[in-house]
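J.: What follows is data_33.cif, mmCIF, C-alpha atoms.
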```cif
data_query
#
loop_
_atom_site.group_PDB
_atom_site.id
_atom_site.type_symbol
_atom_site.label_atom_id
_atom_site.label_comp_id
_atom_site.auth_asym_id
_atom_site.auth_seq_id
_atom_site.Cartn_x
_atom_site.Cartn_y
_atom_site.Cartn_z
ATOM 1 C CA MET A 167 0.000 0.000 0.000
ATOM 2 C CA GLN A 168 1.273 3.473 -0.810
ATOM 3 C CA TYR A 169 1.620 6.241 1.765
ATOM 4 C CA LEU A 170 2.636 9.856 1.373
ATOM 5 C CA LEU A 171 4.966 11.182 4.057
ATOM 6 C CA LEU A 172 4.399 14.952 4.031
ATOM 7 C CA ILE A 173 7.188 16.957 5.665
ATOM 8 C CA TYR A 174 6.144 20.147 7.469
ATOM 9 C CA SER A 175 8.559 22.588 9.087
ATOM 10 C CA ASP A 176 9.001 26.268 9.864
ATOM 11 C CA GLU A 177 10.612 27.827 6.770
ATOM 12 C CA ARG A 178 11.793 30.930 8.640
ATOM 13 C CA ALA A 179 13.502 28.891 11.346
ATOM 14 C CA ASN A 180 15.133 26.697 8.682
ATOM 15 C CA ALA A 181 16.427 29.753 6.804
ATOM 16 C CA ALA A 182 18.128 30.993 9.979
ATOM 17 C CA LEU A 183 20.076 27.777 10.625
ATOM 18 C CA PRO A 184 23.884 27.926 10.505
ATOM 19 C CA ARG A 185 25.493 26.452 7.387
ATOM 20 C CA GLU A 186 27.023 23.558 9.358
ATOM 21 C CA GLN A 187 23.626 22.519 10.700
ATOM 22 C CA VAL A 188 22.089 22.721 7.220
ATOM 23 C CA SER A 189 24.853 20.441 5.908
ATOM 24 C CA GLU A 190 24.158 17.990 8.725
ATOM 25 C CA ILE A 191 20.416 17.977 7.975
ATOM 26 C CA VAL A 192 20.996 17.515 4.229
ATOM 27 C CA GLY A 193 23.286 14.588 5.022
ATOM 28 C CA ALA A 194 20.608 13.049 7.223
ATOM 29 C CA TYR A 195 18.051 13.344 4.405
ATOM 30 C CA MET A 196 20.489 11.789 1.930
ATOM 31 C CA ALA A 197 21.025 8.836 4.284
ATOM 32 C CA TYR A 198 17.260 8.507 4.835
ATOM 33 C CA GLY A 199 16.611 8.456 1.077
ATOM 34 C CA GLU A 200 19.306 5.827 0.640
ATOM 35 C CA ALA A 201 17.721 3.690 3.376
ATOM 36 C CA LEU A 202 14.331 3.949 1.644
ATOM 37 C CA ARG A 203 15.916 2.939 -1.689
ATOM 38 C CA ASP A 204 17.843 0.061 -0.092
ATOM 39 C CA ALA A 205 14.614 -1.219 1.483
ATOM 40 C CA LYS A 206 12.939 -0.920 -1.954
ATOM 41 C CA VAL A 207 10.013 1.070 -0.540
ATOM 42 C CA LEU A 208 10.689 4.468 -2.168
ATOM 43 C CA VAL A 209 8.324 5.348 -5.016
ATOM 44 C CA GLY A 210 9.285 9.026 -5.281
ATOM 45 C CA SER A 211 10.267 12.144 -3.368
ATOM 46 C CA ASN A 212 10.899 15.833 -3.875
ATOM 47 C CA ARG A 213 11.765 18.939 -1.945
ATOM 48 C CA LEU A 214 9.424 21.870 -2.511
ATOM 49 C CA LYS A 215 10.344 25.506 -3.037
ATOM 50 C CA PRO A 216 9.255 27.884 -0.229
ATOM 51 C CA ALA A 217 5.569 28.644 0.279
ATOM 52 C CA SER A 218 6.224 32.170 -1.021
ATOM 53 C CA ALA A 219 6.726 30.616 -4.491
ATOM 54 C CA ALA A 220 3.318 28.899 -4.355
ATOM 55 C CA SER A 221 0.065 29.940 -5.988
ATOM 56 C CA SER A 222 -3.434 28.868 -4.977
ATOM 57 C CA VAL A 223 -6.229 28.449 -7.525
ATOM 58 C CA ARG A 224 -9.939 28.393 -6.775
ATOM 59 C CA ILE A 225 -13.183 29.064 -8.571
ATOM 60 C CA ALA A 226 -15.734 31.231 -6.812
ATOM 61 C CA ASN A 227 -19.011 32.250 -8.461
ATOM 62 C CA GLY A 228 -17.741 30.912 -11.771
ATOM 63 C CA GLN A 229 -14.653 33.132 -11.672
ATOM 64 C CA THR A 230 -11.143 31.690 -11.460
ATOM 65 C CA GLN A 231 -8.985 33.276 -8.795
ATOM 66 C CA VAL A 232 -5.219 32.823 -8.614
ATOM 67 C CA LEU A 233 -3.716 33.860 -5.293
ATOM 68 C CA ASP A 234 -0.034 34.326 -4.559
ATOM 69 C CA GLY A 235 1.437 32.176 -1.819
ATOM 70 C CA PRO A 236 -0.282 29.667 0.396
ATOM 71 C CA PHE A 237 -3.992 30.049 1.091
ATOM 72 C CA ALA A 238 -3.687 29.781 4.886
ATOM 73 C CA GLU A 239 -1.167 31.243 7.288
ATOM 74 C CA THR A 240 0.378 28.392 9.238
ATOM 75 C CA LYS A 241 3.269 27.959 11.628
ATOM 76 C CA GLU A 242 4.679 25.082 9.550
ATOM 77 C CA GLN A 243 4.822 24.822 5.774
ATOM 78 C CA LEU A 244 4.864 21.786 3.491
ATOM 79 C CA GLY A 245 8.487 21.452 2.414
ATOM 80 C CA GLY A 246 8.626 18.089 0.675
ATOM 81 C CA TYR A 247 7.395 14.540 0.576
ATOM 82 C CA TYR A 248 8.271 10.883 0.214
ATOM 83 C CA LEU A 249 5.907 8.472 -1.525
ATOM 84 C CA ILE A 250 6.522 4.993 -0.162
ATOM 85 C CA ASP A 251 5.052 1.559 -0.797
ATOM 86 C CA VAL A 252 4.909 -0.537 2.374
ATOM 87 C CA PRO A 253 2.727 -3.388 3.675
ATOM 88 C CA ASP A 254 0.666 -1.355 6.173
ATOM 89 C CA GLN A 255 0.251 1.813 8.227
ATOM 90 C CA ASP A 256 2.533 0.554 10.983
ATOM 91 C CA ALA A 257 5.369 0.260 8.470
ATOM 92 C CA ALA A 258 4.594 3.749 7.115
ATOM 93 C CA LEU A 259 4.633 5.200 10.642
ATOM 94 C CA SER A 260 7.922 3.447 11.331
ATOM 95 C CA TRP A 261 9.497 5.083 8.266
ATOM 96 C CA ALA A 262 7.982 8.461 9.262
ATOM 97 C CA THR A 263 9.653 8.310 12.677
ATOM 98 C CA ARG A 264 13.011 7.773 10.941
ATOM 99 C CA CYS A 265 12.576 10.809 8.665
ATOM 100 C CA PRO A 266 14.935 13.651 9.669
ATOM 101 C CA GLY A 267 12.043 16.091 9.374
ATOM 102 C CA ALA A 268 10.351 14.511 12.396
ATOM 103 C CA ARG A 269 13.087 16.092 14.549
ATOM 104 C CA TYR A 270 12.417 19.602 13.252
ATOM 105 C CA GLY A 271 8.721 19.630 12.393
ATOM 106 C CA THR A 272 5.883 17.250 11.621
ATOM 107 C CA ILE A 273 5.544 14.283 9.281
ATOM 108 C CA GLU A 274 1.964 13.702 8.150
ATOM 109 C CA VAL A 275 1.397 10.103 7.069
ATOM 110 C CA ARG A 276 -1.450 9.788 4.596
ATOM 111 C CA PRO A 277 -2.523 6.651 2.727
ATOM 112 C CA ILE A 278 -3.020 6.981 -1.015
ATOM 113 C CA TRP A 279 -6.598 6.488 -2.115
ATOM 114 C CA VAL A 280 -6.340 4.302 -5.205
ATOM 115 C CA MET A 281 -8.909 5.292 -7.826
#
```
Have the structure of the file written as structure tokens, please.
T.:
Amino acid sequence: MQYLLLIYSDERANAALPREQVSEIVGAYMAYGEALRDAKVLVGSNRLKPASAASSVRIANGQTQVLDGPFAETKEQLGGYYLIDVPDQDAALSWATRCPGARYGTIEVRPIWVM
């Protein structure tokens, strides 16, 4: 079963980190990605650009609206994801606890709804 591990963190706090700490975090993510690949559970992953680069689209009263940035102000922003294929939710939660982002923010674990 596929699960999406959504990585949320505070972009402003991340931007203020010293270079050495950023290098350490990047290394931790590289090792995590390698572990997912070695376990043959990784389907895909990507890091996202900051929320300030986002646009939101909605249709209200038949009119399309395009808004700059995220729709809601939040303390944490979606910064990336891993799509994994594991036997069950327990396995997905186990991988989420190993994600470096769990130390600095929140990992939302969401099952994929196959259509």
J.: Rank A:Ala262, A:Val192, A:Gln229, A:Val223 by their smallest atom-to-atom distance to A:Leu249, using only C-alpha atoms, and report the top residue only.
T.: A:Ala262
J.: Env of A:Ala205: 10 Å cut, atoms = only C-alpha atoms, seq-sep filter 5 positions within chain, self excluded. Answer as an mmCIF file with C-alpha atoms, in the coordinates of the input.
T.:
```cif
data_model
loop_
_atom_site.group_PDB
_atom_site.id
_atom_site.type_symbol
_atom_site.label_atom_id
_atom_site.label_comp_id
_atom_site.auth_asym_id
_atom_site.auth_seq_id
_atom_site.Cartn_x
_atom_site.Cartn_y
_atom_site.Cartn_z
ATOM 1 C CA GLY A 199 16.611 8.456 1.077
ATOM 2 C CA GLU A 200 19.306 5.827 0.640
ATOM 3 C CA VAL A 252 4.909 -0.537 2.374
#
```
J.: Hey, could you make a per-residue contact list for stretch 169-232 of chain A against stretch 274-280 of chain A with 12 Å as the cut-off, showing the nearest pair of atoms and its distance in Å to one decimal, counting only C-alpha atoms, sorted by chain and number, as a Markdown table?
T.:
```
| residue | atom | partner | partner_atom | distance |
| --- | --- | --- | --- | --- |
| A:Tyr169 | CA | A:Pro277 | CA | 4.3 |
| A:Leu170 | CA | A:Arg276 | CA | 5.2 |
| A:Leu171 | CA | A:Val275 | CA | 4.8 |
| A:Leu172 | CA | A:Glu274 | CA | 4.9 |
| A:Ile173 | CA | A:Glu274 | CA | 6.6 |
| A:Tyr174 | CA | A:Glu274 | CA | 7.7 |
| A:Ser175 | CA | A:Glu274 | CA | 11.1 |
```
J.: Create the file for the chosen residues now, containing C-alpha atoms and written as a PDB file, keeping the file's coordinate frame.
T.:
```pdb
ATOM      1  CA  TYR A 169       1.620   6.241   1.765  1.00  0.00           C
ATOM      2  CA  LEU A 170       2.636   9.856   1.373  1.00  0.00           C
ATOM      3  CA  LEU A 171       4.966  11.182   4.057  1.00  0.00           C
ATOM      4  CA  LEU A 172       4.399  14.952   4.031  1.00  0.00           C
ATOM      5  CA  ILE A 173       7.188  16.957   5.665  1.00  0.00           C
ATOM      6  CA  TYR A 174       6.144  20.147   7.469  1.00  0.00           C
ATOM      7  CA  SER A 175       8.559  22.588   9.087  1.00  0.00           C
TER       8      SER A 175
END
```
J.: For a test of reading the model, state the distance in Å between atom CA of A:Val209 and atom CA of A:Met196, rounded to one decimal.
T.: 15.4 Å
J.: Provide the atom CA of A:Trp261 to atom CA of A:Glu190 distance in Å, to one decimal place.
T.: 19.5 Å
J.: Using all atoms listed in the file, collect all residues at a distance of at most 10 Å from (8.6, 15.4, -6.4) as written in the file, then present them as a list in words.
T.: Gly210, Ser211, Asn212, Arg213, Leu214, Gly246, Tyr247, Tyr248 and Leu249 of chain A
J.: Counting all atoms listed in the file, what is within 10 Å of A:Arg264, bar same-chain residues fewer than 5 positions away, as a list in words?
T.: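 The contact residues come out as Ala194, Tyr195, Tyr198, Ala201, Leu259 and Arg269 of chain A.
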